[in-house]
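A short write-up of the structure that comes next.
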Amino acid sequence: MAQHDMIFSGFGGQGIQSAGMLIAYAGMLENKFVSFLPSYGPEMRGGTSNCHVIVSDEEIGSPILNSATALMAMNRPSLDKFESSIVPGGIILVDSSLVNRSSDRKDVKVFEIPASNIASEMGNLTYANIIMLGKLLSETGVVSFDFFEKALKKVLPERRHYMIPEEMKALEIGMKY
Amino acid sequence: MGEKILMKGNEVIAEAALRAGCKHYFGYPITPQTEIAHYFAKKMPQYGGTFVQAESEIAAMNMVYGAASAGARAMTSSSSPGISLKQEAISYTACAELPAVVVNIVRCGPGLGGILAAQCDYFQATKGGGHGDYRLVVLAPSSVQELYELTVDAFNIADRYRTICMVMGDGMLGQMMEAVEFRDTEEKFETDKSWATTGSGMKREHNIVTSIYIEPEILEKHNLKLQAKYAEITKNETRVETFNCEDADIIVAAYGTVARIIKNVIKTAEKDGIKVGLIRPITLWPFPTAAFEKYAEVPKAFLAVEMSAGQMVEDVRLAVNGKRPVHFHGRMGGMIPTQKEILQKIKEILK
Amino acid sequence: MATVFKKPHALTDLPMHYCPGCTHGIVHRLVAEVIDELGIEGSTVGVSSVGCSYNNYLYFNCDMVQAAHGRAPAVATGIKRVHPENAVFTYQGDGDLAAIGTAEIVHVAVRGEKITTIFVNNAIYGMTSGQMAPTTLIGQVTTTSPFGRKPEIQGYPVNVCEMLSTLPGAVFVERVSTHDIKNINNAKKAIKKAFQVQLAGLGFSIVEVLSTCPTNWGLDPIQSLKWIEEKMIPQYPLGNFRGKDLEV
C-alpha cells in the first residue's frame with residue numbers, strides 16, 4: 001500500500017494551503033483517497049501556516065500527522081518545527097532562498113531549492129510554491145504531471161486560468177532542479 | 001451521484017443543509033465551525049433564504065425555534081461553548097416538539113478550553129444538556145462524505161418525529177478537506193405541518209406553539225407522549241457500523257474521528273496477529289446497544305477510545321452489561337490518540 | 001338591537017386570569033382591536049413571553065408562539081424571516097424585556113427587524129410576586145428591595161424607549177399609558193401605528209405601555225391608576241420618541 005503523508009509549512013501568503021490543496025485535489029482526481037487538514041485558529045494568526053495532506057491507495061484513518069514522509073518547508077521556523085517529524089527515508093524540501101541553514105538529518109533526502117529566487121526571476125514570486133511542488137512530484141511521484149494540471153483547473157478560479165501555462169512551467173523548473 | 005469534489009467539512013455541512021431544503025440559518029461566530037456561517041452567508045441569497053448573524057448563541061437558537069414554529073426547515077451551528085448557551089432553547093424546542101437541526105463541531109473544554117478537536121460533549125448531547133426529560137437524536141459522522149449524508153438525514157429525522165437532531169462532529173472533521181460526492185437530488189421527508197404558526201388565514205382555529213403546561217396532569221401526559229416518541233426513534237433510527245467483530249480478540253468502541261484512527265489500528269494489529277473489531281455508533285443517541293449485546297461474549301474485552309475523559313464508555317459498559325471487562329483510553333485538550341498508543345493499550349489488555 | 005360594544009374578534013372567549021385592576025387586559029384588548037381594524041388576524045403571529053402574560057396565547061385568536069424568558073424578539077425574528085408577509089408581534093413585560101432579554105430587544109432594533117413589540121411596563125415582577133424590576137422606581141419597595149430601591153445599591157430605572165430610540169433600526173418608538181380613557185385612546189393609536197409601520201416594512205416598532213400592578217404595588221385599582229400618573233410618568237415621560245411623522 002502506498003501512502004504519502006506530507007506536511008507543507010511556511011509563512012501565511014506563500015501559498016502553503018494552496019500547495020497542499022493542489023496535491024490533495026490532484027490525488028483525488030487520480031482516484032486516490034485524500035485528506036487535507038489545515039492548521040487553524042490562533043496558530044494561523046502568528047503568520048505561520050501549515051497543512052497536513054495524505055494521499056493514499058486506501059481509506060485514510062486520522063488526517064492529522066504525527067510523522068510524515070515528506071516536508072515542504074518554506075521558512076526557517078517550519079524546518080525547525082517539523083524536521084524531526086520526517087520518517088527515515090523520507091524527504092525534506094527547503095526553500096533555500098529563505099532558509100539560512102541546512103538540515104542535519106542524514107537519514108532523509110534533503111533538497112535545497114532557491115524557489116523564491118527562481119520565482120522572482122520568472123517575474124512572479126507566487127510561483128515559488130509551485131516550483132517546490134515540482135520537486136515534490138519528481139521525487140515522490142505522489143501525483144502525476146497531468147493530474148496536477150487538471151487540479152490547477154479545479155482549484156484556480158476561472159479568471160486566473162490564464163496563469164496555468166506559467167504555473168506548469170514553474171512546476172517543470174522545480175521538477176528538473 | 002455527481003463528480004467528486006474536494007471540500008472542507010464545515011462547508012459540506014452547509015451545502016448539505018441547502019440541498020436538504022434548509023433556507024433559514026441562524027448563527028454566531030465561533031472557531032472551529034464558522035465556515036458554516038460563511039458558506040450560508042454567501043449562498044443563501046441564491047436559495048432565496050435567510051441568513052442571520054445573531055447577537056448571541058442564545059438568540060440564534062431562539063430564532064431557530066421561531067423559524068421552526070413557522071414551519072420552515074431551520075438550523076443553527078456552533079462549537080462547544082456556544083452549544084452550552086443554546087441549551088435553554090434546545091430544551092424549549094424539544095418540549096414544543098419543533099423540528100430543528102443543531103450542529104456541534106466540538107472543541108476541547110471545559111470552559112473556553114481550546115479550539116482543537118475533542119469529543120468531550122458526549123454527555124451534554126446524549127444525556128440532556130438542557131433541563132427536563134428530553135432527548136436529541138445525535139448523529140456522529142466520521143468523514144466529510146458522512147457529514148453530507150448525515151446532515152441531510154438530520155433534517156428528515158427532525159421533520160419525521162418533530163424533534164431536534166444534532167450533528168456532532170469535531171474540529172478536525174469540520175476543518176479537514178476530503179472528497180465528497182453529492183447526489184443529484186435529495187429525498188425529502190414530506191410531512192404535514194398544519195400545526196405551524198403560519199397565520200390562520202381565518203380558515204382554522206389559531207395554532208399555538210408552546211412549551212409550558214402548568215397543569216401537572218397535562219404536563220405528565222405531554223411527557224409520556226415525548227417518551228413514546230423517543231421509544232419510536234430508538235426502534236427506527238439507531239445506526240451503527242460494525243467491522244471485523246466476528247471472532248475478534250478485542251472490540252473497540254469509537255465514533256467520529258477516533259473511529260477513523262481505529263481502522264488504521266485494525267490493520268496494524270493484524271500484522272501482530274491481533275484481531276481487533278470495531279463498533280462505531282453512528283447515532284450516539286439512540287445508542288446502538290443491540291450491536292454490543294450481539295458481540296458481548298465474542299472478544300476477551302472491550303475498549304472504548306475517545307477524545308474525552310471517558311463519556312461514551314459508560315454507555316458501552318451498560319450495553320456490555322458485565323459480560324466482559326470494558327477498558328478505556330482517552331486523550332483530552334485537543335490531543336488526538338495515536339495508533340501507536342492505542343495498539344499498546346490493546347496489547348496491555350490482552351496480555 | 002344595535003350593538004354598542006363587543007369583544008374584538010382577535011380575542012378568544014376565555015376569561016383572563018389577571019388580577020382585579022391589572023391593565024394587562026386593556027392592553028390585550030387594544031392590540032386585538034388594532035388587529036381587527038387592520039384586518040390582519042389571519043396573517044398575524046404573536047409571541048408570548050414569560051411573566052404574567054405568559055399564556056396570552058390562549059387569549060389571542062391569531063396564531064401564537066410561546067417564547068423563553070426574554071427571547072421573544074429572537075423567536076419573532078425567526079417567525080418573521082420565514083413569512084415576511086405576516087405581521088409578527090411580541091408581548092413582553094419589563095423583567096422579560098429590560099432585564100433577561102436586553103440583548104434580544106436591543107438587537108432586534110439594531111437589525112431593524114420588521115416586527116412590533118408591545119412592552120408592558122409596570123415597574124415590578126408580577127408573576128413571581130413583586131420583585132424589583134429594572135424599571136422599578138427609586139425608593140419603590142419590592143420584595144427584593146424591601147427598603148426601597150436605592151441608586152447606590154440597585155442603580156437606576158431603565159428608560160427603554162429613550163435607549164432604543166438612539167438606534168436607526170427602531171423606526172417607531174412611543175410610550176403611552178393606561179391610567180385614563182384619554183391615554184388609553186392614545187395607546188391604541190400608537191399600537192395601530194406601530195403595526196402599520198411594520199406592515200409598511202419600515203423597520204422595528206415598539207410601544208411601551210405604562211401599566212398597573214395593584215397586587216404587588218399594594219394599592220387598590222384606583223390608587224394604582226393615580227400611581228402611574230403621579231409616580232411613573234415623571235420617570236417615564238409619555239410621548240413619541242421616533243417616527244411620529246412617518247407616513248403609513
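Every chain in the C-alpha cells takes a letter, A first, then B, and so on in the order presented; its residues are numbered from 1, and the ligands are numbered from 1 following the presented order.
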
Open item on the list: What parts of chain A does DSSP call strand (DSSP E or B)? I'd like the answer as a PyMOL selection string.
Closed with: chain A and resi 3-11+33-38+48-56+68-73+86-95+109-113

TODO: Mind listing the alpha helix (DSSP H) residues of segment 28-239 of chain B, per DSSP on the backbone, as JSON, numbers by chain?
DONE: {"B": [34, 35, 36, 37, 38, 39, 40, 41, 42, 43, 44, 45, 46, 47, 57, 58, 59, 60, 61, 62, 63, 64, 65, 66, 67, 68, 69, 80, 81, 82, 83, 84, 85, 86, 87, 88, 89, 90, 91, 92, 93, 94, 95, 122, 123, 124, 125, 126, 144, 145, 146, 147, 148, 149, 150, 151, 152, 153, 154, 155, 156, 157, 158, 159, 160, 161, 171, 172, 173, 174, 175, 216, 217, 218, 219, 220, 221, 222, 223, 224, 225, 226, 227, 228, 229, 230, 231, 232, 233, 234, 235, 236, 237]}

Output as a Markdown table one row per residue of segment 60-162 of chain A within 12 Å of segment 124-145 of chain B: the closest atom pair and its distance in Å to one decimal place, counting only C-alpha atoms, sorted by chain and residue number ascending.
```
| residue | atom | partner | partner_atom | distance |
| --- | --- | --- | --- | --- |
| A:Ile60 | CA | B:Ser143 | CA | 9.6 |
| A:Gly61 | CA | B:Ser143 | CA | 9.6 |
| A:Ser62 | CA | B:Ser143 | CA | 10.2 |
| A:Pro63 | CA | B:Ser143 | CA | 10.2 |
```

Grab the residues selected above and save them as an mmCIF file, in the first residue's frame with C-alpha atoms.
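Written out: selection31.cif:
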```cif
data_model
loop_
_atom_site.group_PDB
_atom_site.id
_atom_site.type_symbol
_atom_site.label_atom_id
_atom_site.label_comp_id
_atom_site.auth_asym_id
_atom_site.auth_seq_id
_atom_site.Cartn_x
_atom_site.Cartn_y
_atom_site.Cartn_z
ATOM 1 C CA ILE A 60 -7.461 7.295 5.345
ATOM 2 C CA GLY A 61 -7.593 6.994 9.108
ATOM 3 C CA SER A 62 -6.505 10.040 11.014
ATOM 4 C CA PRO A 63 -5.915 13.092 8.810
#
```

Open item on the list: Show me, as an NGL selection string, every residue of chain B with an atom at most 9 Å from chain C, counting only C-alpha atoms.
Closed with: :B and (23-24 or 26 or 49-50 or 54-56 or 58-72 or 74 or 88-89 or 92 or 196-203 or 205-212)

Open item on the list: Report as a VMD selection string all protein, DNA and RNA residues lying within 10 Å of Glu149 of chain B, evaluated on only C-alpha atoms, omitting residues in the same chain fewer than 4 positions from it.
Closed with: chain B and resid 12 to 13 16 to 17 20 141 143 to 145 153 to 154 180 to 183 186

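Counting only C-alpha atoms, Lys109 of chain A has the following residues at most 9 Å away, ignoring those fewer than 5 positions along the same chain: Pro88, Gly89, Gly90, Ile91, Ile92 and Leu93 of chain A.
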
Selected residues written out with N, CA, C and O atoms, as a PDB file, in the first residue's frame:
```pdb
ATOM      1  N   PRO A  88      12.572   8.146   8.653  1.00  0.00           N
ATOM      2  CA  PRO A  88      13.792   7.794   7.914  1.00  0.00           C
ATOM      3  C   PRO A  88      13.436   7.363   6.487  1.00  0.00           C
ATOM      4  O   PRO A  88      12.448   6.649   6.294  1.00  0.00           O
ATOM      5  N   GLY A  89      14.198   7.842   5.533  1.00  0.00           N
ATOM      6  CA  GLY A  89      13.904   7.517   4.137  1.00  0.00           C
ATOM      7  C   GLY A  89      12.977   8.535   3.491  1.00  0.00           C
ATOM      8  O   GLY A  89      12.726   8.481   2.291  1.00  0.00           O
ATOM      9  N   GLY A  90      12.456   9.440   4.306  1.00  0.00           N
ATOM     10  CA  GLY A  90      11.551  10.462   3.777  1.00  0.00           C
ATOM     11  C   GLY A  90      12.315  11.592   3.116  1.00  0.00           C
ATOM     12  O   GLY A  90      13.545  11.519   2.982  1.00  0.00           O
ATOM     13  N   ILE A  91      11.596  12.631   2.680  1.00  0.00           N
ATOM     14  CA  ILE A  91      12.302  13.747   2.044  1.00  0.00           C
ATOM     15  C   ILE A  91      11.938  15.085   2.685  1.00  0.00           C
ATOM     16  O   ILE A  91      10.835  15.267   3.190  1.00  0.00           O
ATOM     17  N   ILE A  92      12.919  15.969   2.672  1.00  0.00           N
ATOM     18  CA  ILE A  92      12.693  17.329   3.153  1.00  0.00           C
ATOM     19  C   ILE A  92      13.047  18.291   2.030  1.00  0.00           C
ATOM     20  O   ILE A  92      14.143  18.233   1.470  1.00  0.00           O
ATOM     21  N   LEU A  93      12.094  19.146   1.658  1.00  0.00           N
ATOM     22  CA  LEU A  93      12.325  20.152   0.634  1.00  0.00           C
ATOM     23  C   LEU A  93      12.395  21.503   1.327  1.00  0.00           C
ATOM     24  O   LEU A  93      11.514  21.842   2.107  1.00  0.00           O
TER      25      LEU A  93
END
```

Open item on the list: Could you list, as number ranges by chain, every residue within 10 Å of segment 17-25 of chain A, counting only C-alpha atoms and ignoring same-chain residues fewer than 2 positions away?
Closed with: A: 6-10, 12-15, 27-39, 49-55, 72, 129-130, 132-133, 136-137, 142-144, 147-156; B: 4-7, 177-179

Task: Residue neighbourhood Thr23 of chain C, 9 Å, only C-alpha atoms, exclusion window fewer than 4 positions, as a PyMOL selection string - done: chain C and resi 18-19+27-28+178-179+210-213

Would you save the residues of that selection, restricted to all heavy atoms, as a PDB file, in the first residue's frame?
```
ATOM      1  N   TYR C  18     -55.936  37.633  34.860  1.00  0.00           N
ATOM      2  CA  TYR C  18     -55.235  38.748  35.518  1.00  0.00           C
ATOM      3  C   TYR C  18     -55.971  39.220  36.771  1.00  0.00           C
ATOM      4  O   TYR C  18     -57.183  39.074  36.904  1.00  0.00           O
ATOM      5  CB  TYR C  18     -55.055  39.898  34.526  1.00  0.00           C
ATOM      6  CG  TYR C  18     -54.256  39.479  33.304  1.00  0.00           C
ATOM      7  CD1 TYR C  18     -54.849  39.406  32.049  1.00  0.00           C
ATOM      8  CD2 TYR C  18     -52.914  39.132  33.427  1.00  0.00           C
ATOM      9  CE1 TYR C  18     -54.128  38.991  30.942  1.00  0.00           C
ATOM     10  CE2 TYR C  18     -52.185  38.718  32.323  1.00  0.00           C
ATOM     11  CZ  TYR C  18     -52.786  38.649  31.074  1.00  0.00           C
ATOM     12  OH  TYR C  18     -52.078  38.243  29.980  1.00  0.00           O
ATOM     13  N   CYS C  19     -55.210  39.832  37.687  1.00  0.00           N
ATOM     14  CA  CYS C  19     -55.761  40.311  38.957  1.00  0.00           C
ATOM     15  C   CYS C  19     -56.726  41.478  38.709  1.00  0.00           C
ATOM     16  O   CYS C  19     -56.584  42.203  37.718  1.00  0.00           O
ATOM     17  CB  CYS C  19     -54.642  40.821  39.868  1.00  0.00           C
ATOM     18  SG  CYS C  19     -53.364  39.625  40.228  1.00  0.00           S
ATOM     19  N   VAL C  27     -54.618  46.256  27.624  1.00  0.00           N
ATOM     20  CA  VAL C  27     -53.599  46.251  26.558  1.00  0.00           C
ATOM     21  C   VAL C  27     -53.904  45.129  25.552  1.00  0.00           C
ATOM     22  O   VAL C  27     -53.798  45.325  24.334  1.00  0.00           O
ATOM     23  CB  VAL C  27     -52.177  46.110  27.151  1.00  0.00           C
ATOM     24  CG1 VAL C  27     -51.134  46.194  26.050  1.00  0.00           C
ATOM     25  CG2 VAL C  27     -51.917  47.175  28.209  1.00  0.00           C
ATOM     26  N   HIS C  28     -54.312  43.967  26.068  1.00  0.00           N
ATOM     27  CA  HIS C  28     -54.696  42.869  25.170  1.00  0.00           C
ATOM     28  C   HIS C  28     -55.803  43.338  24.225  1.00  0.00           C
ATOM     29  O   HIS C  28     -55.778  43.099  23.030  1.00  0.00           O
ATOM     30  CB  HIS C  28     -55.230  41.668  25.973  1.00  0.00           C
ATOM     31  CG  HIS C  28     -54.163  40.877  26.671  1.00  0.00           C
ATOM     32  ND1 HIS C  28     -52.964  41.404  27.047  1.00  0.00           N
ATOM     33  CD2 HIS C  28     -54.127  39.578  27.079  1.00  0.00           C
ATOM     34  CE1 HIS C  28     -52.239  40.471  27.645  1.00  0.00           C
ATOM     35  NE2 HIS C  28     -52.931  39.352  27.688  1.00  0.00           N
ATOM     36  N   THR C 178     -52.014  53.677  30.489  1.00  0.00           N
ATOM     37  CA  THR C 178     -53.368  53.121  30.582  1.00  0.00           C
ATOM     38  C   THR C 178     -54.144  53.713  31.754  1.00  0.00           C
ATOM     39  O   THR C 178     -55.138  53.154  32.186  1.00  0.00           O
ATOM     40  CB  THR C 178     -53.282  51.596  30.801  1.00  0.00           C
ATOM     41  OG1 THR C 178     -52.385  51.357  31.894  1.00  0.00           O
ATOM     42  CG2 THR C 178     -52.805  50.866  29.578  1.00  0.00           C
ATOM     43  N   HIS C 179     -53.678  54.858  32.289  1.00  0.00           N
ATOM     44  CA  HIS C 179     -54.281  55.306  33.543  1.00  0.00           C
ATOM     45  C   HIS C 179     -55.582  56.090  33.383  1.00  0.00           C
ATOM     46  O   HIS C 179     -56.247  56.341  34.364  1.00  0.00           O
ATOM     47  CB  HIS C 179     -53.266  56.104  34.380  1.00  0.00           C
ATOM     48  CG  HIS C 179     -52.921  57.436  33.812  1.00  0.00           C
ATOM     49  ND1 HIS C 179     -52.009  57.603  32.791  1.00  0.00           N
ATOM     50  CD2 HIS C 179     -53.380  58.676  34.106  1.00  0.00           C
ATOM     51  CE1 HIS C 179     -51.906  58.879  32.493  1.00  0.00           C
ATOM     52  NE2 HIS C 179     -52.738  59.552  33.275  1.00  0.00           N
ATOM     53  N   LEU C 210     -47.349  51.975  29.972  1.00  0.00           N
ATOM     54  CA  LEU C 210     -47.285  52.006  31.438  1.00  0.00           C
ATOM     55  C   LEU C 210     -48.551  51.347  31.964  1.00  0.00           C
ATOM     56  O   LEU C 210     -49.662  51.654  31.525  1.00  0.00           O
ATOM     57  CB  LEU C 210     -47.158  53.448  31.949  1.00  0.00           C
ATOM     58  CG  LEU C 210     -45.949  54.234  31.432  1.00  0.00           C
ATOM     59  CD1 LEU C 210     -45.858  55.600  32.133  1.00  0.00           C
ATOM     60  CD2 LEU C 210     -44.640  53.458  31.619  1.00  0.00           C
ATOM     61  N   SER C 211     -48.344  50.435  32.899  1.00  0.00           N
ATOM     62  CA  SER C 211     -49.439  49.549  33.281  1.00  0.00           C
ATOM     63  C   SER C 211     -49.447  49.365  34.790  1.00  0.00           C
ATOM     64  O   SER C 211     -48.433  49.622  35.463  1.00  0.00           O
ATOM     65  CB  SER C 211     -49.212  48.211  32.563  1.00  0.00           C
ATOM     66  OG  SER C 211     -50.397  47.481  32.482  1.00  0.00           O
ATOM     67  N   THR C 212     -50.577  48.914  35.337  1.00  0.00           N
ATOM     68  CA  THR C 212     -50.696  48.782  36.797  1.00  0.00           C
ATOM     69  C   THR C 212     -50.389  47.381  37.288  1.00  0.00           C
ATOM     70  O   THR C 212     -50.507  46.409  36.537  1.00  0.00           O
ATOM     71  CB  THR C 212     -52.123  49.105  37.258  1.00  0.00           C
ATOM     72  OG1 THR C 212     -53.003  48.179  36.604  1.00  0.00           O
ATOM     73  CG2 THR C 212     -52.503  50.526  36.954  1.00  0.00           C
ATOM     74  N   CYS C 213     -50.028  47.301  38.578  1.00  0.00           N
ATOM     75  CA  CYS C 213     -49.917  46.009  39.239  1.00  0.00           C
ATOM     76  C   CYS C 213     -50.409  46.184  40.688  1.00  0.00           C
ATOM     77  O   CYS C 213     -49.605  46.206  41.628  1.00  0.00           O
ATOM     78  CB  CYS C 213     -48.481  45.486  39.222  1.00  0.00           C
ATOM     79  SG  CYS C 213     -48.359  43.831  39.939  1.00  0.00           S
TER      80      CYS C 213
END
```
